[in-house]
file coords_8.cif (mmCIF, C-alpha atoms)
data_my_file
loop_
_atom_site.group_PDB
_atom_site.id
_atom_site.type_symbol
_atom_site.label_atom_id
_atom_site.label_comp_id
_atom_site.auth_asym_id
_atom_site.auth_seq_id
_atom_site.Cartn_x
_atom_site.Cartn_y
_atom_site.Cartn_z
ATOM 1 C CA MET A 1 134.325 -87.697 73.480
ATOM 2 C CA LYS A 2 134.564 -91.435 73.046
ATOM 3 C CA THR A 3 135.138 -93.854 75.872
ATOM 4 C CA LYS A 4 138.377 -95.775 75.817
ATOM 5 C CA ALA A 5 138.186 -99.542 75.501
ATOM 6 C CA VAL A 6 141.249 -101.777 75.457
ATOM 7 C CA PHE A 7 141.075 -105.387 74.396
ATOM 8 C CA TYR A 8 144.083 -107.369 75.633
ATOM 9 C CA HIS A 9 144.848 -110.684 74.021
ATOM 10 C CA ALA A 10 147.751 -112.973 73.267
ATOM 11 C CA GLY A 11 147.033 -114.284 69.823
ATOM 12 C CA CYS A 12 145.568 -117.596 70.962
ATOM 13 C CA PRO A 13 142.550 -118.940 69.072
ATOM 14 C CA VAL A 14 140.209 -118.154 71.979
ATOM 15 C CA CYS A 15 141.515 -114.583 72.015
ATOM 16 C CA VAL A 16 141.245 -114.018 68.291
ATOM 17 C CA ALA A 17 137.689 -115.319 68.148
ATOM 18 C CA ALA A 18 136.695 -113.068 71.041
ATOM 19 C CA GLU A 19 138.412 -110.105 69.459
ATOM 20 C CA GLN A 20 136.669 -110.575 66.157
ATOM 21 C CA ASN A 21 133.291 -110.904 67.789
ATOM 22 C CA VAL A 22 133.204 -108.979 71.042
ATOM 23 C CA ALA A 23 135.703 -106.166 70.485
ATOM 24 C CA ALA A 24 134.365 -105.602 66.977
ATOM 25 C CA ALA A 25 130.794 -105.536 68.267
ATOM 26 C CA LEU A 26 131.300 -102.444 70.406
ATOM 27 C CA ASP A 27 129.589 -99.307 69.210
ATOM 28 C CA PRO A 28 132.196 -97.338 67.207
ATOM 29 C CA ALA A 29 130.203 -94.161 67.783
ATOM 30 C CA ARG A 30 130.849 -94.369 71.520
ATOM 31 C CA PHE A 31 134.078 -96.323 71.930
ATOM 32 C CA ASP A 32 137.643 -96.053 70.772
ATOM 33 C CA VAL A 33 138.778 -99.671 70.815
ATOM 34 C CA GLU A 34 142.478 -100.428 71.074
ATOM 35 C CA VAL A 35 143.613 -104.014 70.587
ATOM 36 C CA VAL A 36 146.825 -104.953 72.412
ATOM 37 C CA HIS A 37 148.650 -108.233 71.732
ATOM 38 C CA LEU A 38 150.453 -108.804 75.032
ATOM 39 C CA GLY A 39 152.625 -111.545 73.578
ATOM 40 C CA GLN A 40 154.060 -109.046 71.131
ATOM 41 C CA ASN A 41 153.936 -106.093 73.540
ATOM 42 C CA LYS A 42 155.329 -107.430 76.777
ATOM 43 C CA ASN A 43 156.039 -103.872 77.898
ATOM 44 C CA ARG A 44 152.302 -103.428 78.313
ATOM 45 C CA VAL A 45 151.775 -106.422 80.607
ATOM 46 C CA ALA A 46 152.331 -104.228 83.686
ATOM 47 C CA GLU A 47 149.699 -101.765 82.473
ATOM 48 C CA ALA A 48 147.258 -104.617 81.922
ATOM 49 C CA GLU A 49 147.920 -105.973 85.403
ATOM 50 C CA GLN A 50 147.335 -102.542 86.909
ATOM 51 C CA ALA A 51 143.955 -102.483 85.184
ATOM 52 C CA GLY A 52 143.146 -105.767 86.918
ATOM 53 C CA VAL A 53 143.725 -108.134 84.003
ATOM 54 C CA LYS A 54 144.318 -111.672 85.304
ATOM 55 C CA SER A 55 143.940 -113.579 82.049
ATOM 56 C CA VAL A 56 143.398 -112.948 78.377
ATOM 57 C CA PRO A 57 141.309 -112.226 76.470
ATOM 58 C CA ALA A 58 140.158 -109.306 78.595
ATOM 59 C CA LEU A 59 138.307 -106.120 77.849
ATOM 60 C CA VAL A 60 138.913 -102.962 79.839
ATOM 61 C CA LEU A 61 135.887 -100.809 79.241
ATOM 62 C CA ALA A 62 135.480 -97.415 80.859
ATOM 63 C CA GLY A 63 137.907 -98.465 83.579
ATOM 64 C CA GLN A 64 136.177 -101.780 84.356
ATOM 65 C CA THR A 65 137.934 -105.032 83.513
ATOM 66 C CA TYR A 66 136.035 -107.963 82.033
ATOM 67 C CA HIS A 67 137.606 -111.353 81.552
ATOM 68 C CA ILE A 68 136.064 -113.069 78.565
ATOM 69 C CA ASN A 69 136.277 -116.847 78.543
ATOM 70 C CA PHE A 70 139.829 -117.972 79.199
ATOM 71 C CA GLY A 71 142.730 -118.140 76.822
ATOM 72 C CA ALA A 72 145.846 -117.781 78.978
ATOM 73 C CA GLY A 73 146.819 -116.525 82.415
ATOM 74 C CA ILE A 74 148.723 -113.265 82.410
ATOM 75 C CA GLU A 75 151.674 -114.905 84.201
ATOM 76 C CA VAL A 76 152.660 -116.825 81.079
ATOM 77 C CA LEU A 77 152.966 -113.596 79.105
ATOM 78 C CA LYS A 78 155.774 -112.084 81.179
ATOM 79 C CA MET B 1 119.225 -107.413 59.362
ATOM 80 C CA LYS B 2 120.666 -107.139 62.815
ATOM 81 C CA THR B 3 122.591 -109.876 64.556
ATOM 82 C CA LYS B 4 121.004 -111.373 67.622
ATOM 83 C CA ALA B 5 122.839 -111.000 70.903
ATOM 84 C CA VAL B 6 121.535 -112.418 74.179
ATOM 85 C CA PHE B 7 122.951 -111.374 77.518
ATOM 86 C CA TYR B 8 122.114 -113.911 80.242
ATOM 87 C CA HIS B 9 122.420 -112.839 83.848
ATOM 88 C CA ALA B 10 120.967 -113.571 87.251
ATOM 89 C CA GLY B 11 120.689 -110.183 88.864
ATOM 90 C CA CYS B 12 123.880 -110.465 90.901
ATOM 91 C CA PRO B 13 126.051 -107.346 91.224
ATOM 92 C CA VAL B 14 128.706 -108.785 88.885
ATOM 93 C CA CYS B 15 126.012 -109.441 86.293
ATOM 94 C CA VAL B 16 124.364 -106.060 86.529
ATOM 95 C CA ALA B 17 127.665 -104.221 86.192
ATOM 96 C CA ALA B 18 128.582 -106.305 83.158
ATOM 97 C CA GLU B 19 125.177 -105.736 81.636
ATOM 98 C CA GLN B 20 125.334 -102.018 82.065
ATOM 99 C CA ASN B 21 128.787 -101.823 80.550
ATOM 100 C CA VAL B 22 129.316 -104.651 78.091
ATOM 101 C CA ALA B 23 125.812 -105.360 76.821
ATOM 102 C CA ALA B 24 125.075 -101.655 76.540
ATOM 103 C CA ALA B 25 128.344 -101.072 74.674
ATOM 104 C CA LEU B 26 127.365 -103.193 71.698
ATOM 105 C CA ASP B 27 126.660 -101.340 68.494
ATOM 106 C CA PRO B 28 122.871 -100.847 68.329
ATOM 107 C CA ALA B 29 123.122 -100.418 64.571
ATOM 108 C CA ARG B 30 124.306 -104.001 64.179
ATOM 109 C CA PHE B 31 122.929 -105.894 67.178
ATOM 110 C CA ASP B 32 119.569 -106.599 68.714
ATOM 111 C CA VAL B 33 120.448 -107.161 72.345
ATOM 112 C CA GLU B 34 118.085 -109.167 74.513
ATOM 113 C CA VAL B 35 118.729 -109.281 78.252
ATOM 114 C CA VAL B 36 117.477 -112.408 80.025
ATOM 115 C CA HIS B 37 117.363 -112.677 83.815
ATOM 116 C CA LEU B 38 117.654 -116.426 84.340
ATOM 117 C CA GLY B 39 116.691 -116.187 87.978
ATOM 118 C CA GLN B 40 113.337 -114.731 86.945
ATOM 119 C CA ASN B 41 113.025 -116.811 83.769
ATOM 120 C CA LYS B 42 113.988 -120.308 84.799
ATOM 121 C CA ASN B 43 112.204 -121.669 81.735
ATOM 122 C CA ARG B 44 115.041 -120.233 79.650
ATOM 123 C CA VAL B 45 117.868 -121.972 81.539
ATOM 124 C CA ALA B 46 117.690 -124.958 79.159
ATOM 125 C CA GLU B 47 118.013 -122.658 76.155
ATOM 126 C CA ALA B 48 121.030 -120.964 77.753
ATOM 127 C CA GLU B 49 122.649 -124.326 78.443
ATOM 128 C CA GLN B 50 122.100 -125.401 74.852
ATOM 129 C CA ALA B 51 123.912 -122.265 73.759
ATOM 130 C CA GLY B 52 126.852 -123.358 75.911
ATOM 131 C CA VAL B 53 126.305 -121.064 78.879
ATOM 132 C CA LYS B 54 128.087 -122.480 81.939
ATOM 133 C CA SER B 55 127.924 -119.438 84.196
ATOM 134 C CA VAL B 56 126.493 -115.954 84.248
ATOM 135 C CA PRO B 57 126.925 -113.279 83.141
ATOM 136 C CA ALA B 58 127.332 -114.606 79.620
ATOM 137 C CA LEU B 59 126.898 -113.073 76.216
ATOM 138 C CA VAL B 60 125.763 -115.144 73.253
ATOM 139 C CA LEU B 61 126.803 -113.174 70.208
ATOM 140 C CA ALA B 62 126.187 -114.414 66.695
ATOM 141 C CA GLY B 63 125.966 -117.964 68.008
ATOM 142 C CA GLN B 64 129.203 -117.784 70.029
ATOM 143 C CA THR B 65 129.059 -117.880 73.812
ATOM 144 C CA TYR B 66 131.282 -115.650 75.923
ATOM 145 C CA HIS B 67 131.511 -115.967 79.665
ATOM 146 C CA ILE B 68 132.236 -112.607 81.195
ATOM 147 C CA ASN B 69 133.868 -112.663 84.611
ATOM 148 C CA PHE B 70 131.964 -114.931 86.938
ATOM 149 C CA GLY B 71 128.797 -114.227 88.871
ATOM 150 C CA ALA B 72 127.160 -117.619 89.385
ATOM 151 C CA GLY B 73 127.256 -121.110 87.933
ATOM 152 C CA ILE B 74 124.216 -122.031 85.874
ATOM 153 C CA GLU B 75 123.515 -125.014 88.160
ATOM 154 C CA VAL B 76 122.347 -122.742 90.957
ATOM 155 C CA LEU B 77 119.729 -121.178 88.683
ATOM 156 C CA LYS B 78 117.714 -124.327 88.094
#
call {"tool": "encode", "arguments": {"input": "coords_8.cif", "output": "structure tokens"}}
result
Amino acid sequence: MKTKAVFYHAGCPVCVAAEQNVAAALDPARFDVEVVHLGQNKNRVAEAEQAGVKSVPALVLAGQTYHINFGAGIEVLK
Amino acid sequence: MKTKAVFYHAGCPVCVAAEQNVAAALDPARFDVEVVHLGQNKNRVAEAEQAGVKSVPALVLAGQTYHINFGAGIEVLK
């Protein structure tokens, strides 16, 4: 069974670059990668916050949250 | 030919956790991942700085630098 990975972003240039490089670099044999645009899916902001996401882009990998560089604080996405 | 990826860290708990999850999650079919402990390899701090590394852990992937969470500023590693 593959491990779940969720990449949260908000469409900013920093986010898109990170998505195209980091999220796409994960091993597809081991990870199911879901990409969530929080600007377009505000109903998922709460879920992201529960996972510990403080800013985007962020990668939640096997339950651990990693903030990658800094595009925008999660507060501005509400 | 595989793309070069370098994961710079300094042995701190934040770094080690990120290494074990993020660096190990990259697709081995597409990436050659090198892990560099800057605390033990101070001669590579300059190279990391040239790549744009400001703090560790950081992942340099296909020439782009990503700072993952925050373990330590690169200044303390000199």
call {"tool": "closest_atom_pairs", "arguments": {"input": "coords_8.cif", "of": "chain A", "to": "chain B", "cutoff": "6 Å", "atoms": "all atoms listed in the file", "output": "Markdown table"}}
result
| residue | atom | partner | partner_atom | distance |
| --- | --- | --- | --- | --- |
| A:Ala25 | CA | B:Leu26 | CA | 5.4 |
| A:Leu26 | CA | B:Leu26 | CA | 4.2 |
| A:Asp27 | CA | B:Asp27 | CA | 3.6 |
| A:Tyr66 | CA | B:Asn69 | CA | 5.8 |
| A:His67 | CA | B:Asn69 | CA | 5.0 |
| A:Ile68 | CA | B:Ile68 | CA | 4.7 |
| A:Asn69 | CA | B:His67 | CA | 5.0 |
call {"tool": "resolve_selection", "arguments": {"input": "coords_8.cif", "expression": "the PyMOL selection byres ((chain A and resi 38-47) around 7)", "output": "PDB file with C-alpha atoms, in the coordinates of the input"}}
result
ATOM      1  CA  TYR A   8     144.083-107.369  75.633  1.00  0.00           C
ATOM      2  CA  HIS A   9     144.848-110.684  74.021  1.00  0.00           C
ATOM      3  CA  ALA A  10     147.751-112.973  73.267  1.00  0.00           C
ATOM      4  CA  VAL A  36     146.825-104.953  72.412  1.00  0.00           C
ATOM      5  CA  HIS A  37     148.650-108.233  71.732  1.00  0.00           C
ATOM      6  CA  ALA A  48     147.258-104.617  81.922  1.00  0.00           C
ATOM      7  CA  GLU A  49     147.920-105.973  85.403  1.00  0.00           C
ATOM      8  CA  GLN A  50     147.335-102.542  86.909  1.00  0.00           C
ATOM      9  CA  ALA A  51     143.955-102.483  85.184  1.00  0.00           C
ATOM     10  CA  LEU A  77     152.966-113.596  79.105  1.00  0.00           C
ATOM     11  CA  LYS A  78     155.774-112.084  81.179  1.00  0.00           C
TER      12      LYS A  78
END
call {"tool": "closest_residue", "arguments": {"input": "coords_8.cif", "among": "B:Val56, B:Met1, B:Val33, B:Ile74", "to": "Val14 in chain B", "atoms": "all atoms listed in the file"}}
result
B:Val56
call {"tool": "atom_distance", "arguments": {"input": "coords_8.cif", "atom1": "CA of Gly63 in chain B", "atom2": "CA of Phe7 in chain A"}}
result
20.7 Å
call {"tool": "atom_distance", "arguments": {"input": "coords_8.cif", "atom1": "CA of Val76 in chain B", "atom2": "CA of Glu19 in chain A"}}
result
29.7 Å
